[in-house]
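First the structure, in the form of structure tokens, and then the observations on it.
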Amino acid sequence: MRAISVFLGVGTIALLGAGLLFGLTQCSSMQGPSGEPRASKYGSYLAGRFASGERDASAAARYYDRALKFDPDNPEILERVLISEVADGDIDGAAAHAEQLTAKSPTARMPHLVIGIKAFREGGYAKAFDELSKITGNAAAEIAAELGKAYALLGEGKTDEALTAAHKLSGVEGVAAFAKYHAAIIADLAGRPADAEIDFAAAYKDSNGESLRIVDAYAVHLQRVGKLQQAKEVLARFEDKSPTHPVIIAAMEQAKNGVMPDRLIPNASAGFAEALYGIASSLSDEKSVEIPVFYLQLALTLEPRHELAISLLADRMETAQRWEDAISAYRRVPKTSPLYVNARVQIAQDLQKLDRTDEAIATLRETLTGTRADFEILASIGDLMRAKERYADAVDIYTKALALVAKPEERNWTIFYTRGIALERIKRWNEAEKDLKFALTLKHEQPLVMNYLAYTWVEQGVNMDEALAMLKRAVELRPEDGFIIDSLGWAYFKRGDFVNAIRYLEQAVLLEPGEVTINDHLGDAYWRFGRKLEAKFEWQHALSLKPAKDQEPLIRHKIEVGLEGPPPGAAPATQAQGGLRHQ
């Protein structure tokens with residue numbers, strides 16, 4: 001489970017982060033004899049910018065702080081050190097610099113947000129309210145400030161004013177469900193369960209029952225007011241859409257066992273943290289890091305145990321390829337959390353990226369419980385072994401995982417697919433083919449499975465018409481997948497249709513220019529079509545991409561003498577070298 005449900009509408013959040021942070025660029029730094037930047041304003045500043053570009057918040061904060069010593073009143077340096085300190089989780093250091101920055105730039109947003117959150121954490125609700133009231137000009141910051149003010153009012157016991165402040169956002173396009181959700185939390189914390197239920201129901205409706213947090217909180221509330229069956233129905237509807245989400249699985253199990261849950265949000269501080277987490281979640285697209293991390297660290301300042309915020313912080317660290325930081329964050333998820341297994345799986349994947357596969361496997365083995373809940377962990381161990389080309393071991397582990405499945409369902413297609421790959425690699429094709437075909441019965445027309453199965457048929461020279469039709473359909477389903485397009489081009493090549501082979505292989509090279517086998521395939525097609533200079537160019541390019549040890553001598557031989565023997569289609573197909581499958 002990696003995806004975290006968002007609260008705010010896409011149209012609303014598209015520009016939420018605009019103007020909040022400076023753009024970070026990578027610059028060279030002035031270095032002294034030891035390699036450390038010289039203790040100068042510019043050297044330290046440039047080193048800080050480089051560290052920011054590398055998304056190393058700790059180093060950036062250190063270098064900006066050093067630059068600040070040379071120019072303590074510089075607003076830009078103050079803002080950058082503040083950003084870096086928040087990103088590094090140092091709210092106290094950030095608040096101290098925020099006080100300086102407000103004196104130099106009274107209209108700056110970030111320092112008031114940081115000061116307000118520090119005051120809130122310490123119970124200074126009046127000060128927090130005052131600081132948050134000074135924030136204008138940025139949608140994300142304003143939403144955070146308005147909800148922060150609502151929770152500050154709740155902290156002071158001013159429930160009516162708090163609810164009015166939360167409901168104020170209900171009229172903002174794309175924010176209605178988010179605002180009503182927080183109004184429901186405030187009403188619940190204030191001892192107004194009937195009002196809370198009205199707002200929870202409205203938030204649930206406005207979000208189409210698709211927000212994880214709204215669903216979870218609404219179901220908890222329903223159970224706490226004695227509406228157990230309705231709570232189960234709310235959870236079941238979400239479970240139908242996302243049957244493997246660990247949070248909902250745990251909530252449903254709790255409801256079925258009649259266990260009365262605690263409030264999801266226990267106090268005003270946790271409520272404000274929830275608002276900041278929701279904003280971070282809505283701003284976390286495929287590549288964004290700095291802004292979500294800023295809000296996540298503020299959320300964790302108020303509620304250090306917010307498990308979804310911890311997981312999303314780790315996820316953003318992975319996006320930044322800061323694997324050690326991601327691992328450290330995932331280790332904060334407690335064993336009691338529904339997210340614990342997911343966190344351990346992610347730790348293992350990050351360890352693998354650091355080329356610490358044995359440690360990754362050990363981490364997963366330590367997580368095994370000896371129950372049916374071990375399925376995901378075993379599947380992940382199998383994936384790690386397959387990645388290290390320990391295919392026989394992977395098959396054994398995948399088989400153990402499948403033994404825990406009473407009746408395979410659609411979501412189990414991936415493990416039949418991956419076991420099929422491992423079986424094919426150890427030349428147990430009959431078993432591999434059976435797994436791949438069964439994966440397609442579970443997940444009809446799954447493009448990756450169709451690609452692997454059809455490509456292997458093409459390589460074997462069997463079921464050629466069926467393979468070609470299957471690959472055409474896979475390309476229709478994933479028209480931007482260079483690997484699948486390569487397979488289709490290669491199928492045409494093996495049939496002796498070099499015009500169509502070149503057509504698709506050229507597309508594949510454009511989509512995946514750094515793949516050895518695709519360039520190698522295109523070279524073969526050019527050669528057979530009589531474009532021999534272009535063929536040698538593609539083979540040379542393939543050689544420059546560092547092919548596998550068994551592939552390199554075959555490519556070198558083709559560069560020297562070209563393709564030998566009759567062309568495909570003129571004689572029975574033979575096993576081709578350098579095959580590529582999208583795994």
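Within each chain, counting starts at residue 1; across the structure tokens, chains are named A, B, ... in the order shown, with ligands numbered 1 upward in that order.
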- Message: Report as a ChimeraX atom specification all protein, DNA and RNA residues lying within 9 Å of A:Val234, evaluated on only C-alpha atoms, omitting residues in the same chain fewer than 4 positions from it.
- Response: /A:209,215-216,218-219,229-230,238-239
Expected answer as an MDAnalysis selection string: helix (DSSP H, G or I) residues in stretch 88-268 of chain A:
chainID A and resid 91:104 110:121 125:132 139:155 159:171 176:189 193:206 212:224 228:241 246:256 268
So that I have them on file, write out the residues from the current selection with C-alpha atoms, as a compact mmCIF listing (two decimals), in the first residue's frame.
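Dumped everything to again19.txt:
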# COMPACT_ATOMS: atom_id res chain seq x y z
CA ILE A 91 10.77 23.24 14.63
CA ASP A 92 12.49 25.05 17.51
CA GLY A 93 15.40 26.19 15.35
CA ALA A 94 12.98 27.16 12.58
CA ALA A 95 10.81 29.14 15.00
CA ALA A 96 13.80 31.12 16.24
CA HIS A 97 14.71 32.11 12.69
CA ALA A 98 11.03 32.75 11.95
CA GLU A 99 10.97 35.41 14.68
CA GLN A 100 13.93 37.11 13.01
CA LEU A 101 12.29 36.87 9.60
CA THR A 102 8.99 38.41 10.69
CA ALA A 103 10.93 41.47 11.89
CA LYS A 104 12.53 41.82 8.44
CA MET A 110 6.04 30.80 6.44
CA PRO A 111 7.45 32.36 9.60
CA HIS A 112 3.94 33.07 10.97
CA LEU A 113 2.90 29.49 10.23
CA VAL A 114 5.97 28.08 11.99
CA ILE A 115 5.64 30.39 15.01
CA GLY A 116 1.93 29.63 15.23
CA ILE A 117 2.47 25.88 15.19
CA LYS A 118 5.19 26.05 17.84
CA ALA A 119 2.85 28.12 20.04
CA PHE A 120 0.02 25.65 19.41
CA ARG A 121 2.23 22.72 20.40
CA TYR A 125 -3.66 28.98 21.55
CA ALA A 126 -4.14 32.74 21.65
CA LYS A 127 -0.66 33.36 20.25
CA ALA A 128 -1.16 30.64 17.66
CA PHE A 129 -4.44 32.25 16.57
CA ASP A 130 -2.77 35.64 16.29
CA GLU A 131 0.13 34.34 14.20
CA LEU A 132 -2.09 32.28 11.90
CA ALA A 139 -4.09 28.92 -0.89
CA ALA A 140 -2.41 26.04 0.94
CA ALA A 141 -1.06 28.27 3.70
CA GLU A 142 -4.42 30.03 4.08
CA ILE A 143 -6.32 26.73 4.41
CA ALA A 144 -3.79 25.55 7.00
CA ALA A 145 -4.14 28.86 8.85
CA GLU A 146 -7.96 28.87 8.84
CA LEU A 147 -8.20 25.33 10.19
CA GLY A 148 -5.38 26.03 12.64
CA LYS A 149 -7.37 29.00 13.95
CA ALA A 150 -10.44 26.78 14.30
CA TYR A 151 -8.49 24.27 16.39
CA ALA A 152 -6.91 27.07 18.44
CA LEU A 153 -10.42 28.31 19.26
CA LEU A 154 -11.37 24.76 20.23
CA GLY A 155 -8.31 24.63 22.47
CA THR A 159 -16.60 25.66 20.28
CA ASP A 160 -19.15 27.78 18.41
CA GLU A 161 -16.45 30.05 17.04
CA ALA A 162 -14.32 27.05 16.14
CA LEU A 163 -17.13 25.46 14.16
CA THR A 164 -17.88 28.75 12.43
CA ALA A 165 -14.21 29.04 11.43
CA ALA A 166 -14.14 25.49 10.02
CA HIS A 167 -17.43 25.90 8.16
CA LYS A 168 -16.11 29.12 6.64
CA LEU A 169 -14.08 26.97 4.24
CA SER A 170 -17.08 24.87 3.18
CA GLY A 171 -17.92 27.35 0.46
CA ALA A 176 -15.99 21.49 1.08
CA ALA A 177 -15.43 17.85 2.10
CA PHE A 178 -12.16 18.75 3.83
CA ALA A 179 -13.78 21.60 5.79
CA LYS A 180 -16.81 19.55 6.83
CA TYR A 181 -14.54 16.70 7.92
CA HIS A 182 -12.68 19.03 10.28
CA ALA A 183 -15.90 20.62 11.50
CA ALA A 184 -17.03 17.08 12.38
CA ILE A 185 -13.81 16.44 14.31
CA ILE A 186 -14.23 19.70 16.23
CA ALA A 187 -17.87 18.94 17.08
CA ASP A 188 -16.94 15.43 18.21
CA LEU A 189 -14.10 16.69 20.43
CA PRO A 193 -21.92 13.90 18.59
CA ALA A 194 -25.13 14.74 16.70
CA ASP A 195 -23.52 17.77 15.03
CA ALA A 196 -20.41 15.69 14.34
CA GLU A 197 -22.45 13.00 12.62
CA ILE A 198 -24.12 15.55 10.34
CA ASP A 199 -20.76 16.93 9.21
CA PHE A 200 -19.13 13.49 8.90
CA ALA A 201 -22.02 12.36 6.69
CA ALA A 202 -21.76 15.51 4.56
CA ALA A 203 -17.97 15.11 4.18
CA TYR A 204 -18.45 11.45 3.28
CA LYS A 205 -21.01 12.36 0.62
CA ASP A 206 -18.97 15.25 -0.81
CA LEU A 212 -9.52 7.04 3.46
CA ARG A 213 -9.41 9.40 6.43
CA ILE A 214 -13.02 10.54 6.12
CA VAL A 215 -14.22 6.95 5.77
CA ASP A 216 -12.16 5.77 8.74
CA ALA A 217 -13.15 8.65 11.01
CA TYR A 218 -16.83 8.44 10.02
CA ALA A 219 -16.93 4.69 10.70
CA VAL A 220 -15.25 5.18 14.08
CA HIS A 221 -17.76 7.87 15.00
CA LEU A 222 -20.71 5.70 13.96
CA GLN A 223 -19.45 2.87 16.16
CA ARG A 224 -18.99 5.20 19.10
CA LEU A 228 -22.28 -0.46 14.27
CA GLN A 229 -24.08 -1.81 11.19
CA GLN A 230 -23.93 1.55 9.43
CA ALA A 231 -20.21 1.74 10.26
CA LYS A 232 -19.66 -1.69 8.67
CA GLU A 233 -21.50 -0.57 5.54
CA VAL A 234 -19.32 2.55 5.22
CA LEU A 235 -16.17 0.43 5.57
CA ALA A 236 -17.47 -2.26 3.21
CA ARG A 237 -18.12 0.26 0.42
CA PHE A 238 -14.55 1.50 0.64
CA GLU A 239 -13.26 -2.08 0.88
CA ASP A 240 -15.03 -2.92 -2.38
CA LYS A 241 -12.96 -0.24 -4.13
CA PRO A 246 -4.51 -2.33 5.59
CA VAL A 247 -6.19 0.54 7.49
CA ILE A 248 -9.65 -0.46 6.29
CA ILE A 249 -8.98 -4.17 6.75
CA ALA A 250 -8.01 -3.49 10.38
CA ALA A 251 -11.02 -1.22 10.93
CA MET A 252 -13.40 -3.81 9.49
CA GLU A 253 -11.88 -6.55 11.63
CA GLN A 254 -12.31 -4.38 14.70
CA ALA A 255 -15.94 -3.65 13.81
CA LYS A 256 -16.72 -7.33 13.20
CA ALA A 268 -7.14 19.77 19.10
Notebook entry, point to check: Just how far from atom CA of A:Leu368 is atom CA of A:Tyr417, in Å to one decimal?
Noted result: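 Taking atom CA of A:Tyr417 and atom CA of A:Leu368, their separation equals 22.8 Å.
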* Give the answer as one residue: which of A:His557, A:His245, A:Arg428, A:His444 has the shortest atom-to-atom distance to A:Pro338, using only C-alpha atoms? =>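 Ranking A:His557, A:His245, A:Arg428, A:His444 by distance to A:Pro338, first place goes to A:His245.
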Excluding stretch 446-453 of chain A and its own-chain neighbours fewer than 6 positions away, which residues fall within 10 Å of it when counting only C-alpha atoms? Please give them as a short mmCIF file (atom, residue, chain, number, x, y, z; two decimals) with C-alpha atoms, in the first residue's frame.
data_model
loop_
_atom_site.label_atom_id
_atom_site.label_comp_id
_atom_site.auth_asym_id
_atom_site.auth_seq_id
_atom_site.Cartn_x
_atom_site.Cartn_y
_atom_site.Cartn_z
CA TRP A 413 -2.63 -12.02 -10.40
CA THR A 414 0.73 -10.39 -9.68
CA PHE A 416 1.24 -15.83 -10.47
CA TYR A 417 2.85 -13.44 -12.95
CA THR A 418 6.06 -13.05 -10.95
CA GLY A 420 5.77 -17.40 -13.91
CA ILE A 421 8.73 -15.13 -14.69
CA GLU A 424 10.64 -19.30 -17.10
CA ALA A 432 5.59 -20.85 -16.15
CA GLU A 433 3.10 -20.84 -19.02
CA LYS A 434 0.42 -22.26 -16.73
CA ASP A 435 1.03 -19.48 -14.17
CA LEU A 436 0.98 -16.74 -16.80
CA LYS A 437 -2.24 -18.03 -18.33
CA PHE A 438 -3.84 -18.30 -14.90
CA ALA A 439 -2.78 -14.72 -14.14
CA LEU A 440 -4.75 -13.69 -17.23
CA ALA A 467 1.18 -13.97 -29.80
CA LEU A 468 0.93 -11.22 -32.42
CA ALA A 469 -2.74 -10.58 -31.63
CA MET A 470 -1.99 -10.52 -27.91
CA LEU A 471 0.84 -8.03 -28.34
CA LYS A 472 -1.27 -5.78 -30.55
CA ARG A 473 -3.89 -5.66 -27.81
CA ALA A 474 -1.26 -5.02 -25.12
CA VAL A 475 0.03 -2.04 -27.13
CA GLU A 476 -3.52 -0.70 -27.46
CA LEU A 477 -3.86 -0.86 -23.68
CA ARG A 478 -0.42 0.68 -23.00
CA ASP A 481 5.11 1.39 -23.00
CA PHE A 483 8.95 -2.49 -23.73
CA ILE A 484 5.63 -3.83 -25.00
CA ILE A 485 6.03 -1.98 -28.31
CA ASP A 486 9.46 -3.59 -28.61
CA SER A 487 7.86 -7.00 -28.16
CA LEU A 488 5.37 -6.27 -30.95
CA LEU A 580 13.56 -8.37 -23.38
CA ARG A 581 10.44 -8.67 -21.31
CA HIS A 582 8.76 -5.99 -19.26
CA GLN A 583 8.87 -7.28 -15.71
#
(message) I'd like the neighbourhood of stretch 380-384 of chain A as a VMD selection string, where a residue qualifies if any of its atoms comes within 9 Å (using only C-alpha atoms), though same-chain residues fewer than 3 positions away should be ignored.
(response) chain A and resid 345 348 to 349 352 357 360 to 361 364 to 365 375 to 377 387 to 391 393 to 398 401 418 to 419
- Query: Between atom CA of A:Lys532 and atom CA of A:Trp490, what is the distance, to one decimal in Å?
  - Reply: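 Pair atom CA of A:Lys532 / atom CA of A:Trp490 returns 17.9 Å.
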Quiz prompt | Interatomic distance (Å, one decimal) between atom CA of A:Gly514 and atom CA of A:Pro479 | solution =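 Distance between the two atoms: 18.4 Å.
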